[in-house]
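J.: What follows is the file final.pdb, containing PDB, C-alpha atoms:
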ATOM      1  CA  MET H   1     -13.864  -4.408  -1.178
ATOM      2  CA  THR H   2     -14.237  -7.760  -2.937
ATOM      3  CA  SER H   3     -17.531  -9.646  -3.144
ATOM      4  CA  GLY H   4     -16.012 -12.207  -0.778
ATOM      5  CA  GLN H   5     -15.241  -9.465   1.730
ATOM      6  CA  ARG H   6     -18.825  -8.195   1.482
ATOM      7  CA  ARG H   7     -20.158 -11.693   2.172
ATOM      8  CA  LEU H   8     -17.789 -12.025   5.112
ATOM      9  CA  LEU H   9     -18.735  -8.602   6.426
ATOM     10  CA  GLY H  10     -22.293  -9.705   7.162
ATOM     11  CA  VAL H  11     -21.048 -12.539   9.346
ATOM     12  CA  ALA H  12     -18.207 -10.551  10.864
ATOM     13  CA  THR H  13     -20.439  -7.563  11.645
ATOM     14  CA  ALA H  14     -22.834  -9.724  13.601
ATOM     15  CA  ALA H  15     -19.963 -11.256  15.542
ATOM     16  CA  LEU H  16     -18.473  -7.871  16.324
ATOM     17  CA  VAL H  17     -21.808  -6.435  17.467
ATOM     18  CA  VAL H  18     -22.259  -9.369  19.845
ATOM     19  CA  SER H  19     -18.693  -8.992  21.128
ATOM     20  CA  LEU H  20     -18.871  -5.259  21.681
ATOM     21  CA  SER H  21     -22.387  -5.399  23.116
ATOM     22  CA  ALA H  22     -21.228  -7.954  25.668
ATOM     23  CA  ALA H  23     -18.249  -5.779  26.545
ATOM     24  CA  ALA H  24     -20.457  -2.713  26.876
ATOM     25  CA  CYS H  25     -22.736  -4.546  29.332
ATOM     26  CA  GLY H  26     -19.883  -4.695  31.847
ATOM     27  CA  GLY H  27     -21.268  -6.453  34.923
ATOM     28  CA  ASN H  28     -23.674  -8.551  32.853
ATOM     29  CA  ALA H  29     -20.796 -10.252  31.022
ATOM     30  CA  LYS H  30     -20.199 -13.936  31.712
ATOM     31  CA  PRO H  31     -17.411 -14.811  34.158
ATOM     32  CA  GLY H  32     -14.043 -14.835  32.435
ATOM     33  CA  SER H  33     -15.161 -12.687  29.503
ATOM     34  CA  PRO H  34     -13.157  -9.555  28.636
ATOM     35  CA  GLU H  35     -14.375  -6.340  30.204
ATOM     36  CA  SER H  36     -14.626  -3.180  28.168
ATOM     37  CA  THR H  37     -12.831  -0.073  29.368
ATOM     38  CA  SER H  38     -15.006   2.204  27.231
ATOM     39  CA  ALA H  39     -18.562   3.254  27.998
ATOM     40  CA  ALA H  40     -21.470   2.525  25.646
ATOM     41  CA  ALA H  41     -24.385   4.868  25.127
ATOM     42  CA  PRO H  42     -27.180   4.182  27.644
ATOM     43  CA  ALA H  43     -29.743   1.746  26.276
ATOM     44  CA  GLU H  44     -33.462   2.237  26.587
ATOM     45  CA  SER H  45     -35.232  -0.024  29.034
ATOM     46  CA  GLY H  46     -35.984  -3.400  27.492
ATOM     47  CA  SER H  47     -33.726  -2.880  24.449
ATOM     48  CA  ALA H  48     -30.303  -4.354  23.648
ATOM     49  CA  ALA H  49     -27.272  -2.228  24.449
ATOM     50  CA  ALA H  50     -25.719  -0.494  21.435
ATOM     51  CA  PRO H  51     -22.143  -1.474  20.561
ATOM     52  CA  ALA H  52     -19.507   0.876  21.897
ATOM     53  CA  ALA H  53     -18.215   3.414  19.388
ATOM     54  CA  LEU H  54     -14.441   3.201  19.525
ATOM     55  CA  SER H  55     -11.647   5.418  18.258
ATOM     56  CA  GLY H  56      -7.882   5.414  18.165
ATOM     57  CA  GLU H  57      -5.176   3.572  16.272
ATOM     58  CA  VAL H  58      -3.885  -0.003  16.331
ATOM     59  CA  LYS H  59      -0.317   0.012  15.003
ATOM     60  CA  VAL H  60       0.796  -3.110  13.127
ATOM     61  CA  ASP H  61       4.069  -3.832  11.304
ATOM     62  CA  GLY H  62       6.232  -6.776  10.310
ATOM     63  CA  SER H  63       6.022  -9.577   7.774
ATOM     64  CA  SER H  64       4.944  -8.727   4.224
ATOM     65  CA  THR H  65       3.669 -12.311   3.961
ATOM     66  CA  VAL H  66       1.219 -11.911   6.851
ATOM     67  CA  ALA H  67       0.329  -8.321   5.942
ATOM     68  CA  PRO H  68      -2.500  -9.135   3.461
ATOM     69  CA  LEU H  69      -4.253 -11.259   6.102
ATOM     70  CA  THR H  70      -4.053  -8.550   8.757
ATOM     71  CA  GLN H  71      -4.985  -5.922   6.158
ATOM     72  CA  ALA H  72      -8.142  -7.873   5.279
ATOM     73  CA  ALA H  73      -9.073  -8.006   8.971
ATOM     74  CA  SER H  74      -8.317  -4.275   9.269
ATOM     75  CA  GLU H  75     -10.566  -3.331   6.355
ATOM     76  CA  LEU H  76     -13.494  -5.411   7.578
ATOM     77  CA  PHE H  77     -13.109  -4.172  11.140
ATOM     78  CA  GLY H  78     -13.045  -0.614   9.787
ATOM     79  CA  GLU H  79     -16.499  -1.053   8.288
ATOM     80  CA  GLU H  80     -17.886  -1.487  11.798
ATOM     81  CA  GLN H  81     -15.499   0.842  13.653
ATOM     82  CA  PRO H  82     -14.516   3.553  11.139
ATOM     83  CA  GLN H  83     -12.934   5.736  13.823
ATOM     84  CA  VAL H  84     -10.365   3.040  14.620
ATOM     85  CA  LYS H  85      -7.434   3.085  12.210
ATOM     86  CA  VAL H  86      -5.347  -0.072  11.756
ATOM     87  CA  PRO H  87      -2.397   0.743   9.465
ATOM     88  CA  VAL H  88      -0.367  -2.315   8.448
ATOM     89  CA  GLY H  89       3.341  -1.754   7.738
ATOM     90  CA  THR H  90       5.668  -4.190   5.980
ATOM     91  CA  SER H  91       9.150  -3.775   7.460
ATOM     92  CA  GLY H  92       9.742  -7.537   7.340
ATOM     93  CA  THR H  93       9.533  -9.905  10.287
ATOM     94  CA  GLY H  94      12.865  -8.800  11.756
ATOM     95  CA  GLY H  95      12.204  -5.112  11.175
ATOM     96  CA  GLY H  96       8.746  -5.504  12.666
ATOM     97  CA  PHE H  97      10.104  -7.078  15.842
ATOM     98  CA  GLU H  98      12.594  -4.213  16.206
ATOM     99  CA  LYS H  99       9.717  -1.742  16.267
ATOM    100  CA  PHE H 100       7.540  -3.977  18.445
ATOM    101  CA  CYS H 101      10.219  -4.556  21.065
ATOM    102  CA  ALA H 102      10.952  -0.812  21.107
ATOM    103  CA  GLY H 103       7.297  -0.218  22.007
ATOM    104  CA  GLU H 104       6.472   1.456  18.694
ATOM    105  CA  THR H 105       3.750  -0.967  17.583
ATOM    106  CA  ASP H 106       0.868  -2.873  19.170
ATOM    107  CA  ILE H 107       0.976  -6.014  17.012
ATOM    108  CA  SER H 108       3.821  -7.557  15.030
ATOM    109  CA  ASN H 109       3.148  -9.737  11.977
ATOM    110  CA  ALA H 110       5.675 -12.568  11.627
ATOM    111  CA  SER H 111       6.370 -15.352   9.163
ATOM    112  CA  ARG H 112       8.644 -17.108  11.663
ATOM    113  CA  ALA H 113       8.763 -17.491  15.413
ATOM    114  CA  ILE H 114      10.394 -14.747  17.466
ATOM    115  CA  LYS H 115      14.121 -15.274  18.107
ATOM    116  CA  ASP H 116      15.742 -15.405  21.543
ATOM    117  CA  GLU H 117      17.538 -12.104  21.018
ATOM    118  CA  GLU H 118      14.248 -10.469  20.010
ATOM    119  CA  LYS H 119      12.580 -11.873  23.121
ATOM    120  CA  ALA H 120      15.403 -10.383  25.178
ATOM    121  CA  ALA H 121      14.905  -6.988  23.524
ATOM    122  CA  CYS H 122      11.208  -7.095  24.422
ATOM    123  CA  GLU H 123      11.946  -8.173  27.983
ATOM    124  CA  ALA H 124      14.407  -5.297  28.361
ATOM    125  CA  LYS H 125      11.569  -2.885  27.564
ATOM    126  CA  GLY H 126       9.075  -4.735  29.758
ATOM    127  CA  ILE H 127       6.957  -5.759  26.769
ATOM    128  CA  LYS H 128       4.924  -8.912  27.344
ATOM    129  CA  PHE H 129       3.355 -10.693  24.401
ATOM    130  CA  THR H 130       1.824 -13.926  23.163
ATOM    131  CA  GLU H 131       2.481 -15.778  19.912
ATOM    132  CA  LEU H 132      -0.774 -16.310  18.010
ATOM    133  CA  THR H 133      -0.798 -18.640  14.992
ATOM    134  CA  VAL H 134      -3.277 -17.154  12.507
ATOM    135  CA  ALA H 135      -2.741 -19.160   9.315
ATOM    136  CA  THR H 136      -0.589 -21.689   7.497
ATOM    137  CA  ASP H 137       1.558 -20.890   4.479
ATOM    138  CA  ALA H 138       2.980 -22.845   1.571
ATOM    139  CA  LEU H 139       6.192 -20.947   0.866
ATOM    140  CA  THR H 140       6.113 -20.986  -2.935
ATOM    141  CA  VAL H 141       8.977 -21.184  -5.440
ATOM    142  CA  VAL H 142       7.988 -19.512  -8.709
ATOM    143  CA  VAL H 143       9.225 -19.174 -12.272
ATOM    144  CA  PRO H 144       7.763 -17.254 -15.229
ATOM    145  CA  LYS H 145       5.327 -18.918 -17.625
ATOM    146  CA  GLU H 146       8.089 -18.997 -20.262
ATOM    147  CA  ASN H 147       9.985 -21.503 -18.123
ATOM    148  CA  THR H 148       8.764 -24.907 -19.329
ATOM    149  CA  TRP H 149      11.602 -27.024 -17.908
ATOM    150  CA  ALA H 150      11.554 -26.457 -14.144
ATOM    151  CA  THR H 151       8.146 -27.947 -13.346
ATOM    152  CA  CYS H 152       9.603 -29.747 -10.319
ATOM    153  CA  LEU H 153      12.822 -29.106  -8.401
ATOM    154  CA  THR H 154      14.364 -31.216  -5.674
ATOM    155  CA  THR H 155      15.440 -29.609  -2.413
ATOM    156  CA  ASP H 156      19.019 -30.478  -3.424
ATOM    157  CA  GLN H 157      18.611 -28.502  -6.656
ATOM    158  CA  LEU H 158      17.188 -25.544  -4.757
ATOM    159  CA  LYS H 159      20.131 -25.701  -2.374
ATOM    160  CA  LYS H 160      22.548 -25.878  -5.312
ATOM    161  CA  MET H 161      21.247 -22.557  -6.646
ATOM    162  CA  TRP H 162      20.761 -20.741  -3.312
ATOM    163  CA  GLU H 163      23.569 -21.903  -0.997
ATOM    164  CA  PRO H 164      26.444 -19.483  -0.225
ATOM    165  CA  GLY H 165      28.883 -21.541  -2.307
ATOM    166  CA  ALA H 166      26.773 -20.967  -5.436
ATOM    167  CA  GLU H 167      27.667 -17.277  -5.526
ATOM    168  CA  GLY H 168      29.505 -16.439  -8.737
ATOM    169  CA  LYS H 169      29.531 -20.102  -9.802
ATOM    170  CA  VAL H 170      25.969 -21.235 -10.462
ATOM    171  CA  ASN H 171      24.853 -18.725 -13.053
ATOM    172  CA  SER H 172      22.894 -20.776 -15.578
ATOM    173  CA  TRP H 173      20.012 -23.225 -15.404
ATOM    174  CA  LYS H 174      22.352 -25.713 -17.064
ATOM    175  CA  ASP H 175      24.499 -25.516 -13.911
ATOM    176  CA  ILE H 176      21.523 -26.892 -11.960
ATOM    177  CA  ASP H 177      20.792 -29.795 -14.313
ATOM    178  CA  ALA H 178      22.515 -30.734 -17.565
ATOM    179  CA  LYS H 179      19.075 -31.306 -19.089
ATOM    180  CA  PHE H 180      18.074 -27.681 -18.478
ATOM    181  CA  PRO H 181      18.810 -24.995 -21.108
ATOM    182  CA  ASP H 182      21.819 -22.685 -20.920
ATOM    183  CA  GLU H 183      19.566 -19.841 -19.767
ATOM    184  CA  PRO H 184      20.955 -17.211 -17.358
ATOM    185  CA  LEU H 185      19.708 -17.842 -13.815
ATOM    186  CA  LYS H 186      18.162 -14.695 -12.324
ATOM    187  CA  LEU H 187      17.288 -15.042  -8.648
ATOM    188  CA  TYR H 188      14.872 -12.869  -6.660
ATOM    189  CA  GLY H 189      13.962 -13.219  -3.010
ATOM    190  CA  PRO H 190      13.194 -11.543   0.307
ATOM    191  CA  GLY H 191      15.766  -9.389   2.064
ATOM    192  CA  THR H 192      17.570 -10.431   5.209
ATOM    193  CA  ASP H 193      14.996  -8.756   7.517
ATOM    194  CA  SER H 194      12.334 -11.126   6.199
ATOM    195  CA  GLY H 195      11.077 -14.115   8.155
ATOM    196  CA  THR H 196      10.521 -15.796   4.797
ATOM    197  CA  PHE H 197      14.266 -15.452   4.087
ATOM    198  CA  ASP H 198      15.049 -16.963   7.499
ATOM    199  CA  TYR H 199      12.672 -19.875   7.001
ATOM    200  CA  PHE H 200      13.724 -20.653   3.424
ATOM    201  CA  THR H 201      17.453 -20.577   4.119
ATOM    202  CA  ASP H 202      17.020 -22.844   7.149
ATOM    203  CA  ALA H 203      14.735 -25.315   5.335
ATOM    204  CA  ILE H 204      16.699 -25.443   2.064
ATOM    205  CA  ASN H 205      20.305 -24.534   2.914
ATOM    206  CA  GLY H 206      20.336 -26.056   6.381
ATOM    207  CA  GLU H 207      21.239 -22.861   8.230
ATOM    208  CA  GLU H 208      19.154 -19.787   8.899
ATOM    209  CA  GLY H 209      20.552 -16.796   7.020
ATOM    210  CA  ALA H 210      22.947 -18.871   4.881
ATOM    211  CA  SER H 211      22.426 -17.715   1.290
ATOM    212  CA  ARG H 212      24.280 -16.499  -1.765
ATOM    213  CA  LYS H 213      24.271 -12.714  -1.821
ATOM    214  CA  ASP H 214      24.301 -12.105  -5.564
ATOM    215  CA  TYR H 215      20.533 -12.152  -5.962
ATOM    216  CA  SER H 216      17.969  -9.340  -6.121
ATOM    217  CA  PRO H 217      16.517  -8.879  -2.611
ATOM    218  CA  SER H 218      13.412  -6.956  -1.603
ATOM    219  CA  GLU H 219      11.153  -6.695   1.428
ATOM    220  CA  ASN H 220       8.299  -6.019  -1.027
ATOM    221  CA  ASP H 221       6.959  -9.265  -2.497
ATOM    222  CA  ASN H 222       5.549  -7.407  -5.489
ATOM    223  CA  ASP H 223       9.118  -6.496  -6.490
ATOM    224  CA  ILE H 224       9.966 -10.197  -6.482
ATOM    225  CA  VAL H 225       6.892 -10.962  -8.596
ATOM    226  CA  ASN H 226       7.854  -8.327 -11.160
ATOM    227  CA  GLY H 227      11.475  -9.462 -11.261
ATOM    228  CA  VAL H 228      10.656 -13.118 -11.873
ATOM    229  CA  LYS H 229       7.998 -12.562 -14.501
ATOM    230  CA  GLY H 230      10.302 -10.154 -16.340
ATOM    231  CA  ALA H 231      13.140 -12.682 -16.801
ATOM    232  CA  LYS H 232      12.835 -15.969 -18.706
ATOM    233  CA  GLY H 233      15.440 -17.537 -16.406
ATOM    234  CA  GLY H 234      13.987 -15.958 -13.283
ATOM    235  CA  LEU H 235      13.183 -17.773 -10.041
ATOM    236  CA  GLY H 236      12.019 -16.457  -6.699
ATOM    237  CA  TYR H 237      10.128 -17.422  -3.569
ATOM    238  CA  PHE H 238       7.459 -15.878  -1.335
ATOM    239  CA  GLY H 239       4.175 -16.725   0.396
ATOM    240  CA  PHE H 240       1.411 -18.690  -1.325
ATOM    241  CA  THR H 241      -0.971 -15.702  -1.324
ATOM    242  CA  TYR H 242       1.266 -13.704  -3.640
ATOM    243  CA  PHE H 243       1.500 -16.622  -6.063
ATOM    244  CA  GLU H 244      -2.285 -16.971  -6.188
ATOM    245  CA  GLU H 245      -2.585 -13.272  -6.999
ATOM    246  CA  ASN H 246      -0.096 -13.678  -9.859
ATOM    247  CA  ALA H 247      -0.874 -17.171 -11.146
ATOM    248  CA  ASP H 248      -1.616 -15.763 -14.615
ATOM    249  CA  THR H 249       2.040 -14.776 -15.114
ATOM    250  CA  LEU H 250       3.919 -17.160 -12.797
ATOM    251  CA  THR H 251       4.187 -20.923 -12.372
ATOM    252  CA  ALA H 252       4.475 -22.538  -8.946
ATOM    253  CA  VAL H 253       7.303 -25.084  -8.964
ATOM    254  CA  GLN H 254       6.582 -28.462  -7.402
ATOM    255  CA  VAL H 255       9.087 -29.448  -4.715
ATOM    256  CA  ASP H 256      10.543 -32.918  -4.201
ATOM    257  CA  SER H 257      12.032 -33.436  -0.746
ATOM    258  CA  GLY H 258      12.558 -37.157  -1.329
ATOM    259  CA  LYS H 259       8.984 -38.406  -1.560
ATOM    260  CA  GLY H 260       8.075 -37.180  -5.024
ATOM    261  CA  CYS H 261       6.968 -33.866  -6.526
ATOM    262  CA  VAL H 262       4.363 -31.957  -4.507
ATOM    263  CA  ALA H 263       2.700 -28.713  -5.565
ATOM    264  CA  PRO H 264       1.921 -25.973  -3.023
ATOM    265  CA  SER H 265      -1.780 -25.805  -2.182
ATOM    266  CA  VAL H 266      -4.179 -25.354   0.716
ATOM    267  CA  GLU H 267      -4.439 -29.127   1.132
ATOM    268  CA  THR H 268      -0.707 -29.928   0.954
ATOM    269  CA  ALA H 269       0.132 -27.093   3.356
ATOM    270  CA  GLN H 270      -2.454 -28.230   5.891
ATOM    271  CA  ASP H 271      -1.483 -31.919   5.778
ATOM    272  CA  GLY H 272       2.273 -31.194   5.719
ATOM    273  CA  THR H 273       3.016 -33.081   2.496
ATOM    274  CA  TYR H 274       4.381 -29.900   0.927
ATOM    275  CA  ALA H 275       7.666 -30.317   2.753
ATOM    276  CA  PRO H 276       9.795 -28.641   3.889
ATOM    277  CA  LEU H 277       8.172 -25.350   2.860
ATOM    278  CA  SER H 278       4.887 -25.480   4.798
ATOM    279  CA  ARG H 279       5.004 -23.168   7.797
ATOM    280  CA  PRO H 280       2.826 -21.397  10.372
ATOM    281  CA  LEU H 281       2.197 -17.635  10.244
ATOM    282  CA  PHE H 282       1.909 -15.492  13.366
ATOM    283  CA  ILE H 283       0.853 -12.249  14.945
ATOM    284  CA  TYR H 284       2.391 -11.067  18.227
ATOM    285  CA  PRO H 285       0.149  -8.684  20.190
ATOM    286  CA  SER H 286       1.458  -6.701  23.131
ATOM    287  CA  ALA H 287      -0.260  -7.575  26.406
ATOM    288  CA  ALA H 288      -0.288  -3.928  27.461
ATOM    289  CA  ALA H 289      -1.910  -2.907  24.182
ATOM    290  CA  THR H 290      -4.865  -5.240  24.797
ATOM    291  CA  LYS H 291      -5.878  -3.020  27.734
ATOM    292  CA  ARG H 292      -6.922  -0.433  25.157
ATOM    293  CA  PRO H 293     -10.486  -1.147  24.012
ATOM    294  CA  GLU H 294      -9.760  -0.529  20.326
ATOM    295  CA  VAL H 295      -6.913  -3.075  20.331
ATOM    296  CA  ALA H 296      -8.935  -5.640  22.288
ATOM    297  CA  ALA H 297     -11.889  -5.223  19.916
ATOM    298  CA  PHE H 298      -9.702  -5.587  16.823
ATOM    299  CA  LEU H 299      -8.085  -8.759  18.164
ATOM    300  CA  ASP H 300     -11.478 -10.200  19.118
ATOM    301  CA  PHE H 301     -12.693  -9.482  15.591
ATOM    302  CA  TYR H 302      -9.552 -10.885  13.944
ATOM    303  CA  VAL H 303      -9.475 -14.103  15.963
ATOM    304  CA  GLY H 304     -13.241 -14.571  16.093
ATOM    305  CA  ASN H 305     -13.494 -14.543  12.302
ATOM    306  CA  ILE H 306     -10.077 -15.969  11.418
ATOM    307  CA  GLY H 307     -11.353 -18.831   9.260
ATOM    308  CA  ALA H 308     -13.488 -16.638   7.038
ATOM    309  CA  ILE H 309     -10.851 -13.893   6.846
ATOM    310  CA  ALA H 310      -8.122 -16.388   5.878
ATOM    311  CA  LYS H 311     -10.243 -17.916   3.118
ATOM    312  CA  ASP H 312     -11.287 -14.530   1.770
ATOM    313  CA  ALA H 313      -7.679 -13.289   1.746
ATOM    314  CA  LYS H 314      -6.594 -16.559   0.033
ATOM    315  CA  PHE H 315      -4.546 -17.830   2.957
ATOM    316  CA  VAL H 316      -4.417 -21.440   4.110
ATOM    317  CA  PRO H 317      -6.838 -21.488   7.070
ATOM    318  CA  LEU H 318      -6.177 -23.157  10.387
ATOM    319  CA  ASN H 319      -7.700 -26.552  11.118
ATOM    320  CA  PRO H 320     -10.322 -26.748  13.918
ATOM    321  CA  GLU H 321      -7.783 -27.736  16.581
ATOM    322  CA  GLN H 322      -5.437 -24.886  15.624
ATOM    323  CA  GLU H 323      -8.310 -22.391  15.601
ATOM    324  CA  ALA H 324      -9.427 -23.492  19.064
ATOM    325  CA  LYS H 325      -5.867 -23.034  20.351
ATOM    326  CA  LEU H 326      -5.714 -19.550  18.793
ATOM    327  CA  LYS H 327      -8.825 -18.453  20.670
ATOM    328  CA  SER H 328      -7.511 -19.945  23.896
ATOM    329  CA  ASP H 329      -4.144 -18.211  23.459
ATOM    330  CA  LEU H 330      -5.850 -14.849  22.962
ATOM    331  CA  GLN H 331      -7.756 -15.272  26.223
ATOM    332  CA  ALA H 332      -4.501 -16.162  27.971
ATOM    333  CA  LEU H 333      -2.928 -12.966  26.604
ATOM    334  CA  LYS H 334      -5.738 -10.894  28.086
ATOM    335  CA  GLY H 335      -5.063 -12.562  31.430
ATOM    336  CA  LEU H 336      -1.387 -11.675  31.067
ATOM    337  CA  ALA H 337      -2.372  -8.048  30.617
ATOM    338  CA  GLY H 338      -4.061  -8.081  34.003
TER     339      GLY H 338
END
What is this structure when it is put down as structure tokens?
T.:
Amino acid sequence: MTSGQRRLLGVATAALVVSLSAAACGGNAKPGSPESTSAAAPAESGSAAAPAALSGEVKVDGSSTVAPLTQAASELFGEEQPQVKVPVGTSGTGGGFEKFCAGETDISNASRAIKDEEKAACEAKGIKFTELTVATDALTVVVPKENTWATCLTTDQLKKMWEPGAEGKVNSWKDIDAKFPDEPLKLYGPGTDSGTFDYFTDAINGEEGASRKDYSPSENDNDIVNGVKGAKGGLGYFGFTYFEENADTLTAVQVDSGKGCVAPSVETAQDGTYAPLSRPLFIYPSAAATKRPEVAAFLDFYVGNIGAIAKDAKFVPLNPEQEAKLKSDLQALKGLAG
């Protein structure tokens, strides 16, 4: 655990104790508050009720971009509830929704909104859910430190190298701009199950899923990191968190969408000036799963401490209005569960 996580744990622990103590009190809870379905140990007269000891597993899968945020929440929650396991898989946003809508997981991480066909798959299985926005992301285009020429790229230049028509034709940096060196262009990016792939292709190429196929795809962002930093002419894209973790070997390319070069950062993602690659990040909990006390407690912990968790995990945190909506949406989900 990092020092930041230890600092957060003190705050998060207190919040969790209050939450679980309130749930354990049952009839003493305020109107509209969630009721616990697990029993707490009897408290001595005049003393505060002890938090309920929970057990079980909360299954999470989906976006590799959102995974580090949910993993940070999982680790901190585990300090208080060690008998509750929260494994976080990284099948990609699309792969995660397949499992979620088949009833195999409780929460699906997503770096894009759920598609209509995915909603239909969930409805066919009777799975109700709510979309919860947990952070903002600056989808980051990266090159290795050896690349000293591509400090800023226009969206047109990015399209020129990534659009379907570039396959087999745009093979050198000189093909992008005559001022660039004749260095082989080596492209790395998410696979087609990734929500990051969907978002990038829509924002840059103008159509979701439209991309050249002769690049090196991976659902593991670390593979993309290693590919880019190992090739002088390499370029790839992934979430801002992975760039921050690898800023010693990679350079974040500024993006010009027509209003000048803008670097990805917490500030530019929050104010929307890093366009068009700023985007929301989501989790999708199952309404039925929230009836289980371990799932409800984990979600309460996650949402109740989202600002601190996002900062500690190096994500772009929500603004106050977005955070208030997140908490309201979670309460609505509990109502949906009945």
J.: Would you translate the PyMOL selection byres ((chain H and resi 239-256) around 6) into the concrete set of residues it matches in this file, as a list in words?
T.: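 That expression, the PyMOL selection byres ((chain H and resi 239-256) around 6), corresponds here to Thr65, Ala138, Leu139, Thr140, Val141, Val142, Val143, Pro144, Lys145, Thr151, Cys152, Leu153, Thr154, Phe238, Ser257, Gly258, Gly260, Cys261, Val262, Ala263, Lys314 and Phe315 of chain H.
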J.: Write a file of the just-selected residues containing C-alpha atoms, as a PDB file, in the frame of the given file.
T.:
ATOM      1  CA  THR H  65       3.669 -12.311   3.961  1.00  0.00           C
ATOM      2  CA  ALA H 138       2.980 -22.845   1.571  1.00  0.00           C
ATOM      3  CA  LEU H 139       6.192 -20.947   0.866  1.00  0.00           C
ATOM      4  CA  THR H 140       6.113 -20.986  -2.935  1.00  0.00           C
ATOM      5  CA  VAL H 141       8.977 -21.184  -5.440  1.00  0.00           C
ATOM      6  CA  VAL H 142       7.988 -19.512  -8.709  1.00  0.00           C
ATOM      7  CA  VAL H 143       9.225 -19.174 -12.272  1.00  0.00           C
ATOM      8  CA  PRO H 144       7.763 -17.254 -15.229  1.00  0.00           C
ATOM      9  CA  LYS H 145       5.327 -18.918 -17.625  1.00  0.00           C
ATOM     10  CA  THR H 151       8.146 -27.947 -13.346  1.00  0.00           C
ATOM     11  CA  CYS H 152       9.603 -29.747 -10.319  1.00  0.00           C
ATOM     12  CA  LEU H 153      12.822 -29.106  -8.401  1.00  0.00           C
ATOM     13  CA  THR H 154      14.364 -31.216  -5.674  1.00  0.00           C
ATOM     14  CA  PHE H 238       7.459 -15.878  -1.335  1.00  0.00           C
ATOM     15  CA  SER H 257      12.032 -33.436  -0.746  1.00  0.00           C
ATOM     16  CA  GLY H 258      12.558 -37.157  -1.329  1.00  0.00           C
ATOM     17  CA  GLY H 260       8.075 -37.180  -5.024  1.00  0.00           C
ATOM     18  CA  CYS H 261       6.968 -33.866  -6.526  1.00  0.00           C
ATOM     19  CA  VAL H 262       4.363 -31.957  -4.507  1.00  0.00           C
ATOM     20  CA  ALA H 263       2.700 -28.713  -5.565  1.00  0.00           C
ATOM     21  CA  LYS H 314      -6.594 -16.559   0.033  1.00  0.00           C
ATOM     22  CA  PHE H 315      -4.546 -17.830   2.957  1.00  0.00           C
TER      23      PHE H 315
END
J.: For the file shown, what are the residues hit by the PyMOL selection byres ((chain H and resi 125) around 8), laid out as a list of chain:residue names?
T.: H:Cys101, H:Ala102, H:Gly103, H:Ala121, H:Cys122, H:Glu123, H:Ala124, H:Gly126, H:Ile127
J.: What does the file look like for those residues with C-alpha atoms, as a short mmCIF file (atom, residue, chain, number, x, y, z; two decimals), in the frame of the given file?
T.:
data_model
loop_
_atom_site.label_atom_id
_atom_site.label_comp_id
_atom_site.auth_asym_id
_atom_site.auth_seq_id
_atom_site.Cartn_x
_atom_site.Cartn_y
_atom_site.Cartn_z
CA CYS H 101 10.22 -4.56 21.06
CA ALA H 102 10.95 -0.81 21.11
CA GLY H 103 7.30 -0.22 22.01
CA ALA H 121 14.90 -6.99 23.52
CA CYS H 122 11.21 -7.10 24.42
CA GLU H 123 11.95 -8.17 27.98
CA ALA H 124 14.41 -5.30 28.36
CA GLY H 126 9.07 -4.74 29.76
CA ILE H 127 6.96 -5.76 26.77
#
J.: Which is closer to Lys99 of chain H than all the others in H:Asp221, H:Glu267, H:Glu118, H:Glu57, using all atoms listed in the file?
T.: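 Of all the options, H:Glu118 lies closest to Lys99 of chain H.
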J.: So that I can see what lies close to segment 211-220 of chain H, please list as an MDAnalysis selection string the residues with an atom at most 8 Å from it, counting all atoms listed in the file and leaving out residues fewer than 6 positions away in the same chain.
T.: chainID H and resid 64 90:92 162:168 186:191 193:194 201 205
J.: For Pro320 of chain H, which residue among H:Thr105, H:Gln270, H:Asn171, H:Gln71 is the nearest when counting only C-alpha atoms?
T.: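 Of the candidates, the smallest distance to Pro320 of chain H is held by H:Gln270.
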J.: Taking the file as shown, find all residues satisfying the PyMOL selection byres ((chain H and resi 277) around 9) and write them as a ChimeraX atom specification.
T.: /H:137-140,199-200,203-204,255,264,269,272,274-276,278-279
J.: Just write the chosen residues, C-alpha atoms, as a short mmCIF file (atom, residue, chain, number, x, y, z; two decimals), in the coordinates of the input.
T.:
data_model
loop_
_atom_site.label_atom_id
_atom_site.label_comp_id
_atom_site.auth_asym_id
_atom_site.auth_seq_id
_atom_site.Cartn_x
_atom_site.Cartn_y
_atom_site.Cartn_z
CA ASP H 137 1.56 -20.89 4.48
CA ALA H 138 2.98 -22.84 1.57
CA LEU H 139 6.19 -20.95 0.87
CA THR H 140 6.11 -20.99 -2.94
CA TYR H 199 12.67 -19.88 7.00
CA PHE H 200 13.72 -20.65 3.42
CA ALA H 203 14.74 -25.32 5.34
CA ILE H 204 16.70 -25.44 2.06
CA VAL H 255 9.09 -29.45 -4.72
CA PRO H 264 1.92 -25.97 -3.02
CA ALA H 269 0.13 -27.09 3.36
CA GLY H 272 2.27 -31.19 5.72
CA TYR H 274 4.38 -29.90 0.93
CA ALA H 275 7.67 -30.32 2.75
CA PRO H 276 9.80 -28.64 3.89
CA SER H 278 4.89 -25.48 4.80
CA ARG H 279 5.00 -23.17 7.80
#
J.: Of the residues H:Lys159, H:Lys334, H:Lys311, H:Lys115, which is the one nearest to Thr130 of chain H, using all atoms listed in the file?
T.: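 The shortest atom-to-atom distance to Thr130 of chain H comes from H:Lys334.
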J.: Taking the structure in the block just given, could you write segment 322-330 of chain H with C-alpha atoms, as an mmCIF file, in the first residue's frame?
T.:
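Once written, result-v8.cif looks like this:
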data_model
loop_
_atom_site.group_PDB
_atom_site.id
_atom_site.type_symbol
_atom_site.label_atom_id
_atom_site.label_comp_id
_atom_site.auth_asym_id
_atom_site.auth_seq_id
_atom_site.Cartn_x
_atom_site.Cartn_y
_atom_site.Cartn_z
ATOM 1 C CA GLN H 322 -20.733 15.224 -10.538
ATOM 2 C CA GLU H 323 -19.927 13.695 -7.148
ATOM 3 C CA ALA H 324 -23.326 14.704 -5.774
ATOM 4 C CA LYS H 325 -25.016 13.091 -8.787
ATOM 5 C CA LEU H 326 -22.984 9.899 -8.263
ATOM 6 C CA LYS H 327 -24.216 9.569 -4.689
ATOM 7 C CA SER H 328 -27.784 10.262 -5.762
ATOM 8 C CA ASP H 329 -27.566 7.675 -8.554
ATOM 9 C CA LEU H 330 -26.329 5.031 -6.116
#
